[in-house]
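A.B. asks: To be precise about what I am sending: the file is called coords37.tsv and holds TSV, C-alpha atoms and all ligand atoms.
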```
chain	number	residue	atom	x	y	z
A	21	MET	CA	-21.32	1.92	25.68
A	22	PRO	CA	-24.43	-0.01	24.60
A	23	LEU	CA	-23.94	-2.14	21.54
A	24	PRO	CA	-25.88	-1.45	18.36
A	25	THR	CA	-28.98	-3.63	18.36
A	26	PHE	CA	-27.85	-5.78	15.44
A	27	TYR	CA	-24.46	-6.52	17.02
A	28	ALA	CA	-26.04	-7.23	20.38
A	29	LYS	CA	-28.40	-9.69	18.72
A	30	THR	CA	-25.55	-11.45	16.88
A	31	LYS	CA	-23.58	-11.79	20.09
A	32	GLU	CA	-26.64	-13.09	21.86
A	33	LYS	CA	-27.19	-15.62	19.05
A	34	LYS	CA	-23.56	-16.75	19.21
A	35	LYS	CA	-23.78	-17.23	22.95
A	36	GLN	CA	-26.94	-19.25	22.49
A	37	THR	CA	-25.29	-21.49	19.87
A	38	VAL	CA	-22.36	-22.21	22.17
A	39	ILE	CA	-24.71	-23.08	25.02
A	40	GLU	CA	-26.79	-25.27	22.73
A	41	MET	CA	-23.71	-27.10	21.45
A	42	SER	CA	-22.42	-27.77	24.94
A	43	LYS	CA	-25.82	-29.19	25.87
A	44	GLU	CA	-25.67	-31.78	23.08
A	45	GLU	CA	-25.38	-35.24	24.52
A	46	LEU	CA	-25.00	-38.17	22.17
A	47	VAL	CA	-24.97	-41.73	23.40
A	48	LEU	CA	-24.82	-44.72	21.07
A	49	LEU	CA	-26.16	-48.07	22.21
A	50	ASP	CA	-23.76	-50.23	20.28
A	51	PHE	CA	-22.72	-53.74	19.43
A	52	GLY	CA	-19.18	-53.73	18.02
A	53	LEU	CA	-19.70	-56.16	15.16
A	54	SER	CA	-23.07	-54.83	14.01
A	55	PRO	CA	-22.97	-53.35	10.50
A	56	PHE	CA	-26.07	-51.33	11.40
A	57	CYS	CA	-24.18	-49.71	14.29
A	58	MET	CA	-21.17	-49.12	12.04
A	59	ARG	CA	-23.37	-46.97	9.80
A	60	VAL	CA	-24.17	-44.65	12.68
A	61	LYS	CA	-20.54	-44.49	13.83
A	62	ILE	CA	-19.41	-43.56	10.32
A	63	ALA	CA	-22.05	-40.82	10.04
A	64	LEU	CA	-21.16	-39.35	13.44
A	65	ALA	CA	-17.47	-39.34	12.51
A	66	GLU	CA	-18.20	-37.70	9.14
A	67	LYS	CA	-19.97	-34.91	11.03
A	68	GLY	CA	-17.17	-34.63	13.58
A	69	LEU	CA	-19.56	-35.33	16.45
A	70	ALA	CA	-18.34	-36.66	19.78
A	71	TYR	CA	-20.42	-39.37	21.42
A	72	GLU	CA	-20.37	-41.87	24.21
A	73	VAL	CA	-20.56	-45.57	23.40
A	74	ARG	CA	-22.60	-47.88	25.64
A	75	ALA	CA	-21.82	-51.40	24.49
A	76	GLU	CA	-24.44	-54.13	24.62
A	77	HIS	CA	-22.30	-57.01	25.82
A	78	ASP	CA	-24.91	-59.72	25.62
A	79	LEU	CA	-27.21	-58.66	22.81
A	80	PHE	CA	-28.66	-62.09	22.21
A	81	GLY	CA	-28.80	-63.19	25.85
A	82	GLY	CA	-29.46	-60.25	28.12
A	83	LYS	CA	-30.22	-56.83	26.73
A	84	SER	CA	-29.65	-53.79	28.90
A	85	GLU	CA	-32.59	-52.05	30.56
A	86	LEU	CA	-31.61	-48.92	28.68
A	87	LEU	CA	-31.89	-50.69	25.30
A	88	ILE	CA	-35.27	-52.21	26.15
A	89	LYS	CA	-36.54	-48.84	27.37
A	90	SER	CA	-35.10	-46.90	24.42
A	91	ASN	CA	-36.22	-49.26	21.65
A	92	PRO	CA	-39.26	-51.07	23.07
A	93	THR	CA	-40.54	-51.87	19.57
A	94	PHE	CA	-37.58	-53.86	18.24
A	95	LYS	CA	-35.14	-53.98	21.19
A	96	LYS	CA	-32.30	-53.75	18.68
A	97	VAL	CA	-29.17	-51.68	18.29
A	98	PRO	CA	-28.25	-49.15	17.12
A	99	VAL	CA	-30.06	-46.63	19.26
A	100	LEU	CA	-28.83	-43.07	19.32
A	101	LEU	CA	-29.81	-41.03	22.36
A	102	HIS	CA	-29.74	-37.34	21.58
A	103	ASN	CA	-30.13	-35.33	24.74
A	104	GLY	CA	-32.03	-38.30	26.15
A	105	LYS	CA	-34.35	-38.72	23.14
A	106	ALA	CA	-34.10	-42.16	21.55
A	107	LEU	CA	-33.71	-42.69	17.81
A	108	CYS	CA	-33.95	-46.18	16.36
A	109	GLU	CA	-33.30	-47.88	13.00
A	110	SER	CA	-29.94	-47.14	11.41
A	111	THR	CA	-31.18	-45.41	8.24
A	112	VAL	CA	-33.64	-43.29	10.23
A	113	ILE	CA	-30.74	-42.31	12.48
A	114	LEU	CA	-28.57	-41.39	9.48
A	115	SER	CA	-31.28	-39.06	8.17
A	116	TYR	CA	-31.77	-37.54	11.62
A	117	ILE	CA	-28.04	-36.88	11.97
A	118	ASP	CA	-27.95	-35.27	8.55
A	119	GLU	CA	-30.95	-33.04	9.27
A	120	THR	CA	-29.74	-32.03	12.70
A	121	TRP	CA	-26.12	-31.37	11.74
A	122	PRO	CA	-26.28	-30.49	8.06
A	123	THR	CA	-22.54	-29.93	7.48
A	124	PRO	CA	-21.02	-31.73	5.64
A	125	PRO	CA	-24.18	-33.07	3.99
A	126	LEU	CA	-24.63	-36.82	3.67
A	127	LEU	CA	-27.74	-36.65	1.49
A	128	PRO	CA	-27.73	-34.72	-1.80
A	129	PRO	CA	-29.62	-31.42	-2.15
A	130	CYS	CA	-31.95	-32.64	-4.92
A	131	ALA	CA	-35.06	-34.57	-3.82
A	132	TYR	CA	-34.73	-37.13	-6.61
A	133	ALA	CA	-31.10	-37.88	-5.75
A	134	ARG	CA	-32.10	-38.18	-2.09
A	135	ALA	CA	-34.79	-40.68	-3.03
A	136	GLN	CA	-32.23	-42.68	-5.03
A	137	ALA	CA	-29.83	-42.77	-2.06
A	138	ARG	CA	-32.63	-44.01	0.19
A	139	PHE	CA	-33.71	-46.58	-2.38
A	140	LEU	CA	-30.18	-47.96	-2.46
A	141	ALA	CA	-29.97	-48.17	1.32
A	142	ASP	CA	-33.29	-50.00	1.32
A	143	TYR	CA	-31.95	-52.40	-1.34
A	144	VAL	CA	-28.94	-53.12	0.86
A	145	ASP	CA	-31.21	-53.74	3.86
A	146	LYS	CA	-33.46	-56.07	1.93
A	147	LYS	CA	-31.17	-57.85	-0.53
A	148	LEU	CA	-27.53	-57.64	0.57
A	149	PHE	CA	-28.45	-58.27	4.16
A	150	GLN	CA	-30.67	-61.19	3.14
A	151	ALA	CA	-28.03	-62.76	0.88
A	152	THR	CA	-25.48	-62.51	3.70
A	153	TYR	CA	-27.97	-63.85	6.21
A	154	ASN	CA	-28.72	-66.84	3.96
A	155	ILE	CA	-25.01	-67.65	3.75
A	156	THR	CA	-24.36	-67.28	7.46
A	157	MET	CA	-27.46	-69.27	8.43
A	158	ARG	CA	-27.01	-71.92	5.73
A	159	LYS	CA	-28.26	-75.37	6.58
A	160	ASP	CA	-28.63	-77.53	3.50
A	161	GLN	CA	-29.05	-74.97	0.72
A	162	ASP	CA	-26.77	-75.38	-2.28
A	163	ALA	CA	-23.60	-73.33	-1.73
A	164	GLU	CA	-23.24	-72.38	-5.39
A	165	THR	CA	-26.81	-71.03	-5.53
A	166	LEU	CA	-26.23	-68.89	-2.44
A	167	LYS	CA	-23.00	-67.54	-3.93
A	168	LYS	CA	-24.76	-66.81	-7.22
A	169	ASP	CA	-27.53	-64.94	-5.36
A	170	LEU	CA	-24.98	-62.85	-3.53
A	171	LEU	CA	-23.07	-61.99	-6.69
A	172	GLN	CA	-26.30	-60.95	-8.37
A	173	VAL	CA	-27.00	-58.48	-5.56
A	174	LEU	CA	-23.45	-57.13	-5.69
A	175	LYS	CA	-23.74	-56.70	-9.44
A	176	VAL	CA	-26.84	-54.54	-9.03
A	177	LEU	CA	-24.81	-52.33	-6.70
A	178	GLU	CA	-21.92	-52.35	-9.19
A	179	GLU	CA	-24.29	-51.08	-11.86
A	180	ALA	CA	-25.77	-48.42	-9.56
A	181	LEU	CA	-22.25	-47.18	-8.86
A	182	GLY	CA	-21.30	-47.11	-12.55
A	183	GLU	CA	-18.32	-44.89	-13.26
A	184	LYS	CA	-18.88	-42.70	-10.21
A	185	ASN	CA	-16.45	-42.49	-7.31
A	186	PHE	CA	-19.24	-42.84	-4.78
A	187	PHE	CA	-22.92	-43.76	-5.08
A	188	GLY	CA	-23.99	-40.11	-4.95
A	189	GLY	CA	-21.26	-38.86	-7.31
A	190	ASP	CA	-17.96	-37.36	-6.23
A	191	THR	CA	-18.56	-37.24	-2.51
A	192	PHE	CA	-18.95	-39.96	0.08
A	193	GLY	CA	-22.46	-39.88	1.52
A	194	TYR	CA	-25.59	-41.59	2.78
A	195	ALA	CA	-25.74	-44.51	0.31
A	196	ASP	CA	-22.02	-45.25	0.78
A	197	ILE	CA	-22.43	-45.23	4.55
A	198	ALA	CA	-25.43	-47.55	4.33
A	199	THR	CA	-23.59	-49.99	2.06
A	200	ILE	CA	-19.94	-50.19	3.13
A	201	PRO	CA	-20.43	-52.05	6.46
A	202	PHE	CA	-22.21	-54.84	4.57
A	203	ALA	CA	-20.06	-54.86	1.42
A	204	LEU	CA	-16.63	-54.77	3.00
A	205	TRP	CA	-16.86	-58.41	4.13
A	206	TYR	CA	-16.69	-59.59	0.54
A	207	PHE	CA	-13.86	-57.40	-0.68
A	208	THR	CA	-11.35	-56.87	2.09
A	209	THR	CA	-10.38	-60.33	3.16
A	210	ASP	CA	-8.84	-63.29	1.37
A	211	LYS	CA	-11.09	-65.54	3.46
A	212	LEU	CA	-13.75	-65.19	0.76
A	213	GLU	CA	-11.49	-65.30	-2.29
A	214	ASN	CA	-13.57	-68.08	-3.81
A	215	PHE	CA	-16.56	-65.75	-3.99
A	216	LYS	CA	-14.67	-63.91	-6.77
A	217	CYS	CA	-16.31	-60.60	-5.76
A	218	ASN	CA	-13.25	-58.52	-6.61
A	219	SER	CA	-12.99	-59.86	-10.15
A	220	GLU	CA	-16.74	-60.03	-10.82
A	221	CYS	CA	-17.40	-56.55	-9.43
A	222	PRO	CA	-14.24	-54.52	-10.08
A	223	LYS	CA	-15.91	-51.11	-9.75
A	224	LEU	CA	-17.43	-52.01	-6.42
A	225	SER	CA	-14.07	-53.37	-5.35
A	226	SER	CA	-12.36	-50.02	-6.12
A	227	TRP	CA	-15.20	-48.22	-4.36
A	228	VAL	CA	-14.55	-50.32	-1.24
A	229	GLU	CA	-10.88	-49.29	-1.41
A	230	ARG	CA	-11.90	-45.63	-1.70
A	231	CYS	CA	-14.21	-45.97	1.30
A	232	MET	CA	-11.47	-47.68	3.28
A	233	GLN	CA	-9.31	-44.60	2.84
A	234	ARG	CA	-11.68	-42.64	5.03
A	235	LYS	CA	-10.90	-42.43	8.73
A	236	SER	CA	-14.62	-42.45	9.55
A	237	VAL	CA	-14.87	-45.92	7.98
A	238	THR	CA	-11.68	-47.52	9.27
A	239	LYS	CA	-12.44	-46.35	12.80
A	240	ALA	CA	-15.94	-47.84	12.72
A	241	ILE	CA	-15.17	-51.28	11.32
A	242	PRO	CA	-13.44	-54.23	12.98
A	243	ASP	CA	-9.72	-54.70	12.36
A	244	GLN	CA	-8.59	-57.25	9.79
A	245	GLU	CA	-7.88	-59.96	12.36
A	246	THR	CA	-11.30	-59.63	14.01
A	247	LEU	CA	-13.02	-59.55	10.62
A	248	SER	CA	-11.23	-62.69	9.42
A	249	ALA	CA	-12.05	-64.52	12.65
A	250	LEU	CA	-15.68	-63.44	12.35
A	251	LEU	CA	-15.92	-64.61	8.76
A	252	SER	CA	-14.32	-67.97	9.53
A	253	LYS	CA	-16.93	-68.44	12.23
A	254	THR	CA	-20.01	-67.18	10.45
A	255	MET	CA	-19.62	-67.83	6.72
A	256	LYS	CA	-21.00	-71.27	6.00
A	257	ILE	CA	-19.53	-71.29	2.50
A	258	LYS	CA	-15.92	-71.19	1.32
A	301	LIG	N1	-33.29	-52.57	10.78
A	301	LIG	C1	-32.45	-52.38	11.93
A	301	LIG	C2	-31.67	-53.66	12.18
A	301	LIG	C3	-30.89	-53.61	13.48
A	301	LIG	C4	-30.42	-55.00	13.91
A	301	LIG	O1	-30.79	-56.02	13.32
A	301	LIG	N2	-29.61	-55.03	14.98
A	301	LIG	C5	-29.16	-56.29	15.51
A	301	LIG	C6	-27.64	-56.26	15.68
A	301	LIG	S1	-26.85	-56.36	14.12
A	301	LIG	C7	-29.77	-56.51	16.90
A	301	LIG	O2	-29.85	-55.60	17.69
A	301	LIG	N3	-30.19	-57.73	17.18
A	301	LIG	C8	-30.73	-58.12	18.45
A	301	LIG	C9	-31.94	-58.97	18.29
A	301	LIG	O3	-32.28	-59.38	17.16
A	301	LIG	O4	-32.54	-59.29	19.32
A	301	LIG	C10	-31.55	-51.16	11.69
A	301	LIG	O5	-31.36	-50.75	10.54
A	301	LIG	O6	-31.07	-50.58	12.68
```
Let me see the file written as structure tokens.
C.D. replies:
Amino acid sequence: MPLPTFYAKTKEKKKQTVIEMSKEELVLLDFGLSPFCMRVKIALAEKGLAYEVRAEHDLFGGKSELLIKSNPTFKKVPVLLHNGKALCESTVILSYIDETWPTPPLLPPCAYARAQARFLADYVDKKLFQATYNITMRKDQDAETLKKDLLQVLKVLEEALGEKNFFGGDTFGYADIATIPFALWYFTTDKLENFKCNSECPKLSSWVERCMQRKSVTKAIPDQETLSALLSKTMKIK
């Protein structure tokens, strides 16, 4: 018996969706300790998306052909290959993931709130990254000044968070994903106790704890031992 047109169309649509889903191929060009790559891994996990990881083993010595071909402009990770199409720049990738797989949403529905989330991610890229970079690359700059600069940046984030559970409100989203891989260094290890981040920024400290309760985050970040070893090696200030 022929199906009613509407039902036939629905079935056809369903079949198409299944085929489309099975065609999805996601490959992440990754460097395990990169906070920028962690962002993408967290977002993919939040969306429940499976992906293949291609690790760049010698990012600063010999980049893979695939990386150079996929991101000829910057030659940096992360790169997300979606069905062979390359996406570069971590925050651009986060937005792409959210637009392509809208559930659960990472960005809020209101345009103004979306702009605020993007502003915060941009602040992290410019200021938190820079403060961290200055500390890790320190030559003869005054240690106390570098620490003060860092705390100032963290305090801006503390104020942006306010009394909310997450930067966007009650739910973990885009701004949290952009920030946690950079912030966790300062809150989750006793290696940096002298920075006093936990006591100076108590709200941010609790926010880090809340983020660390999410599987998407703990799976994307290095384990405690690796993190401590990394900090001992890179942080030029105690
Ligand atoms: N703005 C970029 C930064 C990416 C970035 O700096 N990636 C580093 C790893 S953490 C990299 O690939 N560095 C290799 C290089 O500088 O040659 C983003 O948000 O994705």
A.B. asks: For A:Val173, find every residue with an atom within 7 Å (counting all atoms listed in the file), except residues of its own chain fewer than 3 positions away, and show them as a list in words.
C.D. replies: Lys147, Leu148, Asp169, Leu170, Val176 and Leu177 of chain A
A.B. asks: If you measure from atom CA of A:Leu114 to atom N2 of ligand LIG 301 (chain A), what distance in Å do you get, rounded to one decimal?
C.D. replies: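 That distance, rounded to one decimal, is 14.7 Å.
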A.B. asks: 10 Å from ligand LIG 301 (chain A) is the threshold here; counting only C-alpha atoms and all ligand atoms, which polymer residues fall inside it? Answer as a PyMOL selection string.
C.D. replies: chain A and resi 49-60+76+78-83+87+91+94-99+107-114+141-142+145-146+149+198
A.B. asks: Generate the output file for the selected residues, C-alpha atoms, as a compact mmCIF listing (two decimals), in the coordinates of the input.
C.D. replies:
```txt
# COMPACT_ATOMS: atom_id res chain seq x y z
CA LEU A 49 -26.16 -48.07 22.21
CA ASP A 50 -23.76 -50.23 20.28
CA PHE A 51 -22.72 -53.74 19.43
CA GLY A 52 -19.18 -53.73 18.02
CA LEU A 53 -19.70 -56.16 15.16
CA SER A 54 -23.07 -54.83 14.01
CA PRO A 55 -22.97 -53.35 10.50
CA PHE A 56 -26.07 -51.33 11.40
CA CYS A 57 -24.18 -49.71 14.29
CA MET A 58 -21.17 -49.12 12.04
CA ARG A 59 -23.37 -46.97 9.80
CA VAL A 60 -24.17 -44.65 12.68
CA GLU A 76 -24.44 -54.13 24.62
CA ASP A 78 -24.91 -59.72 25.62
CA LEU A 79 -27.21 -58.66 22.81
CA PHE A 80 -28.66 -62.09 22.21
CA GLY A 81 -28.80 -63.19 25.85
CA GLY A 82 -29.46 -60.25 28.12
CA LYS A 83 -30.22 -56.83 26.73
CA LEU A 87 -31.89 -50.69 25.30
CA ASN A 91 -36.22 -49.26 21.65
CA PHE A 94 -37.58 -53.86 18.24
CA LYS A 95 -35.14 -53.98 21.19
CA LYS A 96 -32.30 -53.75 18.68
CA VAL A 97 -29.17 -51.68 18.29
CA PRO A 98 -28.25 -49.15 17.12
CA VAL A 99 -30.06 -46.63 19.26
CA LEU A 107 -33.71 -42.69 17.81
CA CYS A 108 -33.95 -46.18 16.36
CA GLU A 109 -33.30 -47.88 13.00
CA SER A 110 -29.94 -47.14 11.41
CA THR A 111 -31.18 -45.41 8.24
CA VAL A 112 -33.64 -43.29 10.23
CA ILE A 113 -30.74 -42.31 12.48
CA LEU A 114 -28.57 -41.39 9.48
CA ALA A 141 -29.97 -48.17 1.32
CA ASP A 142 -33.29 -50.00 1.32
CA ASP A 145 -31.21 -53.74 3.86
CA LYS A 146 -33.46 -56.07 1.93
CA PHE A 149 -28.45 -58.27 4.16
CA ALA A 198 -25.43 -47.55 4.33
```
A.B. asks: Using all atoms listed in the file, collect all residues at a distance of at most 9 Å from (-22.5, -37.1, 5.0) as written in the file, then present them as a ChimeraX atom specification.
C.D. replies: /A:62-64,66-67,114,117-118,122-128,191-194,197
A.B. asks: Please identify all polymer residues within 7 Å of A:Leu101, counting all atoms listed in the file, omitting same-chain residues fewer than 6 positions from it, and present them as a PyMOL selection string.
C.D. replies: chain A and resi 46-48+107
A.B. asks: Distance atom CA of A:Glu229-atom CA of A:Ala151, one decimal place?
C.D. replies: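 Interatomic distance here is 21.9 Å.
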A.B. asks: So, counting only C-alpha atoms, which residue among A:Glu178, A:Ser226, A:Asp190, A:His102 is closest to A:Leu140?
C.D. replies: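 Among A:Glu178, A:Ser226, A:Asp190, A:His102, it is A:Glu178 that comes nearest to A:Leu140.
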A.B. asks: Mind checking which residues fall within 12 Å of A:Thr165, counting only C-alpha atoms, ignoring those fewer than 3 positions away in the same chain, and posting them as an mmCIF file with C-alpha atoms, in the coordinates of the input?
C.D. replies:
```cif
data_model
loop_
_atom_site.group_PDB
_atom_site.id
_atom_site.type_symbol
_atom_site.label_atom_id
_atom_site.label_comp_id
_atom_site.auth_asym_id
_atom_site.auth_seq_id
_atom_site.Cartn_x
_atom_site.Cartn_y
_atom_site.Cartn_z
ATOM 1 C CA ALA A 151 -28.030 -62.760 0.880
ATOM 2 C CA ASN A 154 -28.720 -66.840 3.960
ATOM 3 C CA ILE A 155 -25.010 -67.650 3.750
ATOM 4 C CA ARG A 158 -27.010 -71.920 5.730
ATOM 5 C CA ASP A 160 -28.630 -77.530 3.500
ATOM 6 C CA GLN A 161 -29.050 -74.970 0.720
ATOM 7 C CA ASP A 162 -26.770 -75.380 -2.280
ATOM 8 C CA LYS A 168 -24.760 -66.810 -7.220
ATOM 9 C CA ASP A 169 -27.530 -64.940 -5.360
ATOM 10 C CA LEU A 170 -24.980 -62.850 -3.530
ATOM 11 C CA LEU A 171 -23.070 -61.990 -6.690
ATOM 12 C CA GLN A 172 -26.300 -60.950 -8.370
ATOM 13 C CA PHE A 215 -16.560 -65.750 -3.990
ATOM 14 C CA ILE A 257 -19.530 -71.290 2.500
#
```
A.B. asks: Which residues are close to A:Thr208, i.e. within 12 Å by all atoms listed in the file, leaving aside same-chain residues fewer than 2 positions away? Reply as an MDAnalysis selection string.
C.D. replies: chainID A and resid 200:206 210:213 215:218 224:232 238 241:245 247:248 251
